[in-house]
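S.K.: Submitted below is the structure of interest, expressed as structure tokens.
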Amino acid sequence: MLLRDHKPNVRQEEECIRRTGGRVTKYKDDVPHVENQLAVSRALLEYSIDKHIIPALPDIIQYSKQSSTAYIIFACDGIWDVINNQQVGTFVSNKISSNILQDIISQLLDEYLKLETMDNMSVYIVKL
């Protein structure tokens with residue numbers, strides 16, 4: 001599993017945010033936020049923060065055709081605030097062979113809604 005966080009507490013991401021004039025804050029018992037608003041360091045269609053501070057630029061990774069990568073998971077900060085990459089990857093890996101993607105996403109959201117997140121939760125799984 002290739003796991004890469006786009007979170008404001010990742011050193012490279014935080015440096016990029018600060019270099020573009022943004023700021024990262026962390027309050028007691030909370031995850032770090034960019035400009036006191038967003039808990040991720042990159043975002044699509046996030047118009048409340050300057051696009052130079054929070055770019056919509058993905059990491060581009062090329063794999064050989066023999067790569068074991070079976071799927072890509074895209075999710076919003078409402079997911080990543082309550083669970084980590086490894087937990088989501090393991091959850092999906094354990095279900096991918098016997099379920100359709102829509103059911104896996106539904107099961108994933110049901111499972112983590114139990115953690116009483118107050119944020120929105122969006123997930124996309126792309127099977128390769």
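Quick note on naming: the chains in the structure tokens go A, B, ... in the order shown, residues restart at 1 in each chain, and ligands are numbered from 1 in order of appearance.
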Hey, what's within 9 Å of stretch 102-113 of chain A if we count only C-alpha atoms and toss same-chain stuff fewer than 2 positions away? As a list in words, please?
M.R.: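 Selected residues are Ile79, Val82, Ile83, Val88, Phe91, Val92, Lys95, Ile96, Asn99, Ile100, Leu115, Glu116, Thr117, Met118, Met121, Ser122, Val123, Tyr124 and Ile125 of chain A.
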S.K.: Against stretch 6-15 of chain A, which residues of stretch 28-113 of chain A fall within 12 Å? For each one I want the closest pair of atoms and the distance in Å (one decimal), counting only C-alpha atoms, rows by chain and increasing residue number, as CSV.
M.R.:
residue,atom,partner,partner_atom,distance
A:Asp30,CA,A:Asn9,CA,11.8
A:Val31,CA,A:Asn9,CA,8.5
A:Pro32,CA,A:Pro8,CA,6.2
A:His33,CA,A:Pro8,CA,6.5
A:Val34,CA,A:Pro8,CA,6.5
A:Glu35,CA,A:Pro8,CA,10.2
A:Asn36,CA,A:Pro8,CA,11.0
A:Gln37,CA,A:Pro8,CA,11.2
A:Leu38,CA,A:Pro8,CA,8.8
A:Ala39,CA,A:Lys7,CA,6.5
A:Val40,CA,A:Lys7,CA,4.4
A:Ser41,CA,A:Lys7,CA,4.9
A:Arg42,CA,A:His6,CA,6.1
A:Ala43,CA,A:His6,CA,9.0
A:Ile53,CA,A:Glu14,CA,10.0
A:Ile54,CA,A:Glu13,CA,9.7
A:Pro55,CA,A:Glu13,CA,10.7
A:Ala56,CA,A:His6,CA,10.9
A:Leu57,CA,A:His6,CA,10.5
A:Pro58,CA,A:His6,CA,9.2
A:Asp59,CA,A:His6,CA,9.3
A:Phe74,CA,A:His6,CA,11.2
A:Ala75,CA,A:His6,CA,10.9
A:Cys76,CA,A:His6,CA,10.6
A:Asp77,CA,A:Lys7,CA,8.9
A:Trp80,CA,A:Lys7,CA,8.9
A:Asp81,CA,A:Lys7,CA,9.7
A:Asn84,CA,A:Lys7,CA,11.0
A:Asn85,CA,A:His6,CA,10.6
S.K.: Keeping only N, CA, C and O atoms, write the selected residues as a compact mmCIF listing (two decimals), in the first residue's frame.
M.R.:
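The resulting file, part29.txt, is shown below:
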# COMPACT_ATOMS: atom_id res chain seq x y z
N ASP A 30 -7.24 18.83 18.99
CA ASP A 30 -7.76 19.00 17.64
C ASP A 30 -6.64 18.73 16.64
O ASP A 30 -5.46 18.75 16.99
N VAL A 31 -7.00 18.47 15.41
CA VAL A 31 -6.01 18.26 14.36
C VAL A 31 -5.54 19.62 13.84
O VAL A 31 -6.27 20.61 13.94
N PRO A 32 -4.35 19.70 13.27
CA PRO A 32 -3.87 20.96 12.70
C PRO A 32 -4.77 21.42 11.55
O PRO A 32 -5.28 20.60 10.79
N HIS A 33 -4.95 22.72 11.44
CA HIS A 33 -5.77 23.31 10.37
C HIS A 33 -4.99 24.40 9.65
O HIS A 33 -4.18 25.10 10.24
N VAL A 34 -5.27 24.55 8.37
CA VAL A 34 -4.72 25.64 7.57
C VAL A 34 -5.69 26.80 7.67
O VAL A 34 -6.90 26.64 7.45
N GLU A 35 -5.15 27.96 8.04
CA GLU A 35 -5.97 29.17 8.17
C GLU A 35 -7.18 28.95 9.09
O GLU A 35 -8.25 29.52 8.87
N ASN A 36 -7.02 28.12 10.09
CA ASN A 36 -8.09 27.79 11.06
C ASN A 36 -9.34 27.19 10.42
O ASN A 36 -10.41 27.21 11.00
N GLN A 37 -9.21 26.65 9.21
CA GLN A 37 -10.38 26.16 8.50
C GLN A 37 -10.30 24.72 8.02
O GLN A 37 -11.22 23.95 8.19
N LEU A 38 -9.20 24.37 7.39
CA LEU A 38 -9.14 23.12 6.64
C LEU A 38 -8.07 22.20 7.21
O LEU A 38 -6.95 22.62 7.47
N ALA A 39 -8.42 20.93 7.40
CA ALA A 39 -7.51 19.96 8.01
C ALA A 39 -6.71 19.17 6.99
O ALA A 39 -6.11 18.16 7.31
N VAL A 40 -6.70 19.60 5.74
CA VAL A 40 -5.87 18.99 4.71
C VAL A 40 -5.05 20.10 4.06
O VAL A 40 -5.39 21.28 4.13
N SER A 41 -3.94 19.71 3.42
CA SER A 41 -3.05 20.72 2.84
C SER A 41 -3.23 20.88 1.33
O SER A 41 -2.60 21.73 0.73
N ARG A 42 -4.08 20.06 0.75
CA ARG A 42 -4.43 20.21 -0.67
C ARG A 42 -5.91 19.91 -0.81
O ARG A 42 -6.45 19.07 -0.09
N ALA A 43 -6.56 20.57 -1.75
CA ALA A 43 -8.01 20.37 -1.87
C ALA A 43 -8.50 20.76 -3.25
O ALA A 43 -7.93 21.63 -3.90
N ILE A 53 -2.27 28.88 -1.32
CA ILE A 53 -1.98 28.29 -0.02
C ILE A 53 -2.42 26.83 0.01
O ILE A 53 -1.71 25.96 0.50
N ILE A 54 -3.60 26.56 -0.51
CA ILE A 54 -4.14 25.20 -0.59
C ILE A 54 -4.32 24.86 -2.07
O ILE A 54 -5.37 25.10 -2.65
N PRO A 55 -3.29 24.32 -2.70
CA PRO A 55 -3.41 24.03 -4.12
C PRO A 55 -4.20 22.75 -4.39
O PRO A 55 -4.35 21.91 -3.51
N ALA A 56 -4.68 22.63 -5.60
CA ALA A 56 -5.37 21.42 -6.03
C ALA A 56 -4.40 20.53 -6.81
O ALA A 56 -4.79 19.81 -7.70
N LEU A 57 -3.12 20.60 -6.46
CA LEU A 57 -2.09 19.83 -7.16
C LEU A 57 -1.90 18.47 -6.53
O LEU A 57 -1.54 18.37 -5.36
N PRO A 58 -2.13 17.42 -7.28
CA PRO A 58 -1.90 16.07 -6.74
C PRO A 58 -0.43 15.70 -6.81
O PRO A 58 0.35 16.33 -7.53
N ASP A 59 -0.05 14.71 -6.05
CA ASP A 59 1.25 14.08 -6.27
C ASP A 59 1.04 13.16 -7.48
O ASP A 59 0.04 12.46 -7.57
N PHE A 74 -9.80 8.41 -2.65
CA PHE A 74 -9.85 9.86 -2.45
C PHE A 74 -10.88 10.11 -1.36
O PHE A 74 -11.97 9.55 -1.41
N ALA A 75 -10.53 10.93 -0.39
CA ALA A 75 -11.49 11.21 0.68
C ALA A 75 -11.25 12.62 1.21
O ALA A 75 -10.16 13.18 1.07
N CYS A 76 -12.27 13.17 1.84
CA CYS A 76 -12.17 14.52 2.40
C CYS A 76 -11.64 14.47 3.83
O CYS A 76 -11.49 13.40 4.42
N ASP A 77 -11.39 15.64 4.38
CA ASP A 77 -10.81 15.69 5.73
C ASP A 77 -11.75 15.15 6.80
O ASP A 77 -11.29 14.74 7.86
N TRP A 80 -10.31 11.69 7.00
CA TRP A 80 -8.93 11.60 7.48
C TRP A 80 -8.75 12.17 8.89
O TRP A 80 -7.73 11.92 9.52
N ASP A 81 -9.71 12.91 9.39
CA ASP A 81 -9.62 13.41 10.77
C ASP A 81 -9.91 12.32 11.79
O ASP A 81 -9.46 12.41 12.93
N ASN A 84 -6.90 6.91 9.86
CA ASN A 84 -5.70 7.19 9.08
C ASN A 84 -5.68 6.37 7.79
O ASN A 84 -6.52 5.50 7.57
N ASN A 85 -4.70 6.67 6.96
CA ASN A 85 -4.57 6.00 5.66
C ASN A 85 -4.52 4.49 5.79
O ASN A 85 -5.15 3.76 5.02
S.K.: So that I can check the secondary structure, give me every residue of chain A assigned strand (DSSP E or B) by backbone DSSP, as a list of chain:residue names.
M.R.: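 Here is the list: A:Val24, A:Thr25, A:His33, A:Val34, A:Leu38, A:Tyr71, A:Ile72, A:Ile73, A:Phe74, A:Ala75, A:Val123, A:Tyr124, A:Ile125, A:Val126, A:Lys127.
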S.K.: Quick one: write out the picked residues with N, CA, C and O atoms as a PDB file, in the first residue's frame?
M.R.:
ATOM      1  N   VAL A  24      -0.474  27.440   9.765  1.00  0.00           N
ATOM      2  CA  VAL A  24      -1.001  26.191  10.304  1.00  0.00           C
ATOM      3  C   VAL A  24      -1.182  26.384  11.801  1.00  0.00           C
ATOM      4  O   VAL A  24      -0.268  26.836  12.487  1.00  0.00           O
ATOM      5  N   THR A  25      -2.364  26.062  12.293  1.00  0.00           N
ATOM      6  CA  THR A  25      -2.637  26.185  13.723  1.00  0.00           C
ATOM      7  C   THR A  25      -3.109  24.846  14.271  1.00  0.00           C
ATOM      8  O   THR A  25      -3.721  24.055  13.564  1.00  0.00           O
ATOM      9  N   HIS A  33      -4.946  22.723  11.435  1.00  0.00           N
ATOM     10  CA  HIS A  33      -5.767  23.305  10.375  1.00  0.00           C
ATOM     11  C   HIS A  33      -4.994  24.400   9.646  1.00  0.00           C
ATOM     12  O   HIS A  33      -4.181  25.101  10.242  1.00  0.00           O
ATOM     13  N   VAL A  34      -5.266  24.552   8.367  1.00  0.00           N
ATOM     14  CA  VAL A  34      -4.718  25.635   7.571  1.00  0.00           C
ATOM     15  C   VAL A  34      -5.690  26.805   7.671  1.00  0.00           C
ATOM     16  O   VAL A  34      -6.898  26.642   7.446  1.00  0.00           O
ATOM     17  N   LEU A  38      -9.198  24.370   7.388  1.00  0.00           N
ATOM     18  CA  LEU A  38      -9.140  23.124   6.637  1.00  0.00           C
ATOM     19  C   LEU A  38      -8.071  22.197   7.214  1.00  0.00           C
ATOM     20  O   LEU A  38      -6.949  22.618   7.470  1.00  0.00           O
ATOM     21  N   TYR A  71      -6.242  -0.103  -6.328  1.00  0.00           N
ATOM     22  CA  TYR A  71      -7.237   0.963  -6.254  1.00  0.00           C
ATOM     23  C   TYR A  71      -6.619   2.223  -5.678  1.00  0.00           C
ATOM     24  O   TYR A  71      -5.544   2.194  -5.085  1.00  0.00           O
ATOM     25  N   ILE A  72      -7.311   3.334  -5.883  1.00  0.00           N
ATOM     26  CA  ILE A  72      -6.932   4.635  -5.316  1.00  0.00           C
ATOM     27  C   ILE A  72      -8.116   5.124  -4.499  1.00  0.00           C
ATOM     28  O   ILE A  72      -9.270   5.024  -4.937  1.00  0.00           O
ATOM     29  N   ILE A  73      -7.840   5.654  -3.328  1.00  0.00           N
ATOM     30  CA  ILE A  73      -8.896   6.178  -2.455  1.00  0.00           C
ATOM     31  C   ILE A  73      -8.725   7.685  -2.338  1.00  0.00           C
ATOM     32  O   ILE A  73      -7.653   8.176  -1.984  1.00  0.00           O
ATOM     33  N   PHE A  74      -9.797   8.410  -2.649  1.00  0.00           N
ATOM     34  CA  PHE A  74      -9.850   9.856  -2.453  1.00  0.00           C
ATOM     35  C   PHE A  74     -10.878  10.105  -1.360  1.00  0.00           C
ATOM     36  O   PHE A  74     -11.973   9.549  -1.412  1.00  0.00           O
ATOM     37  N   ALA A  75     -10.533  10.931  -0.395  1.00  0.00           N
ATOM     38  CA  ALA A  75     -11.485  11.215   0.680  1.00  0.00           C
ATOM     39  C   ALA A  75     -11.251  12.624   1.212  1.00  0.00           C
ATOM     40  O   ALA A  75     -10.159  13.184   1.074  1.00  0.00           O
ATOM     41  N   VAL A 123     -16.075   9.933   0.120  1.00  0.00           N
ATOM     42  CA  VAL A 123     -15.048   8.959  -0.270  1.00  0.00           C
ATOM     43  C   VAL A 123     -15.290   8.534  -1.708  1.00  0.00           C
ATOM     44  O   VAL A 123     -16.432   8.310  -2.104  1.00  0.00           O
ATOM     45  N   TYR A 124     -14.212   8.407  -2.464  1.00  0.00           N
ATOM     46  CA  TYR A 124     -14.241   7.827  -3.802  1.00  0.00           C
ATOM     47  C   TYR A 124     -13.195   6.724  -3.833  1.00  0.00           C
ATOM     48  O   TYR A 124     -12.085   6.908  -3.351  1.00  0.00           O
ATOM     49  N   ILE A 125     -13.538   5.604  -4.407  1.00  0.00           N
ATOM     50  CA  ILE A 125     -12.573   4.528  -4.611  1.00  0.00           C
ATOM     51  C   ILE A 125     -12.529   4.251  -6.111  1.00  0.00           C
ATOM     52  O   ILE A 125     -13.569   3.983  -6.720  1.00  0.00           O
ATOM     53  N   VAL A 126     -11.352   4.308  -6.678  1.00  0.00           N
ATOM     54  CA  VAL A 126     -11.162   4.038  -8.095  1.00  0.00           C
ATOM     55  C   VAL A 126     -10.418   2.719  -8.191  1.00  0.00           C
ATOM     56  O   VAL A 126      -9.298   2.580  -7.699  1.00  0.00           O
ATOM     57  N   LYS A 127     -11.053   1.732  -8.810  1.00  0.00           N
ATOM     58  CA  LYS A 127     -10.425   0.434  -8.995  1.00  0.00           C
ATOM     59  C   LYS A 127      -9.586   0.482 -10.265  1.00  0.00           C
ATOM     60  O   LYS A 127     -10.045   0.918 -11.315  1.00  0.00           O
TER      61      LYS A 127
END
S.K.: Have a look at atom CA of A:Arg23 and atom CA of A:Glu46 and let me know their distance in Å, one decimal.
M.R.: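 Separation of atom CA of A:Arg23 and atom CA of A:Glu46: 16.2 Å.
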S.K.: Give me, as number ranges by chain, the residues of chain A that a backbone DSSP run labels helix (DSSP H, G or I).
M.R.: A: 11-19, 77-80, 85-95, 101-113
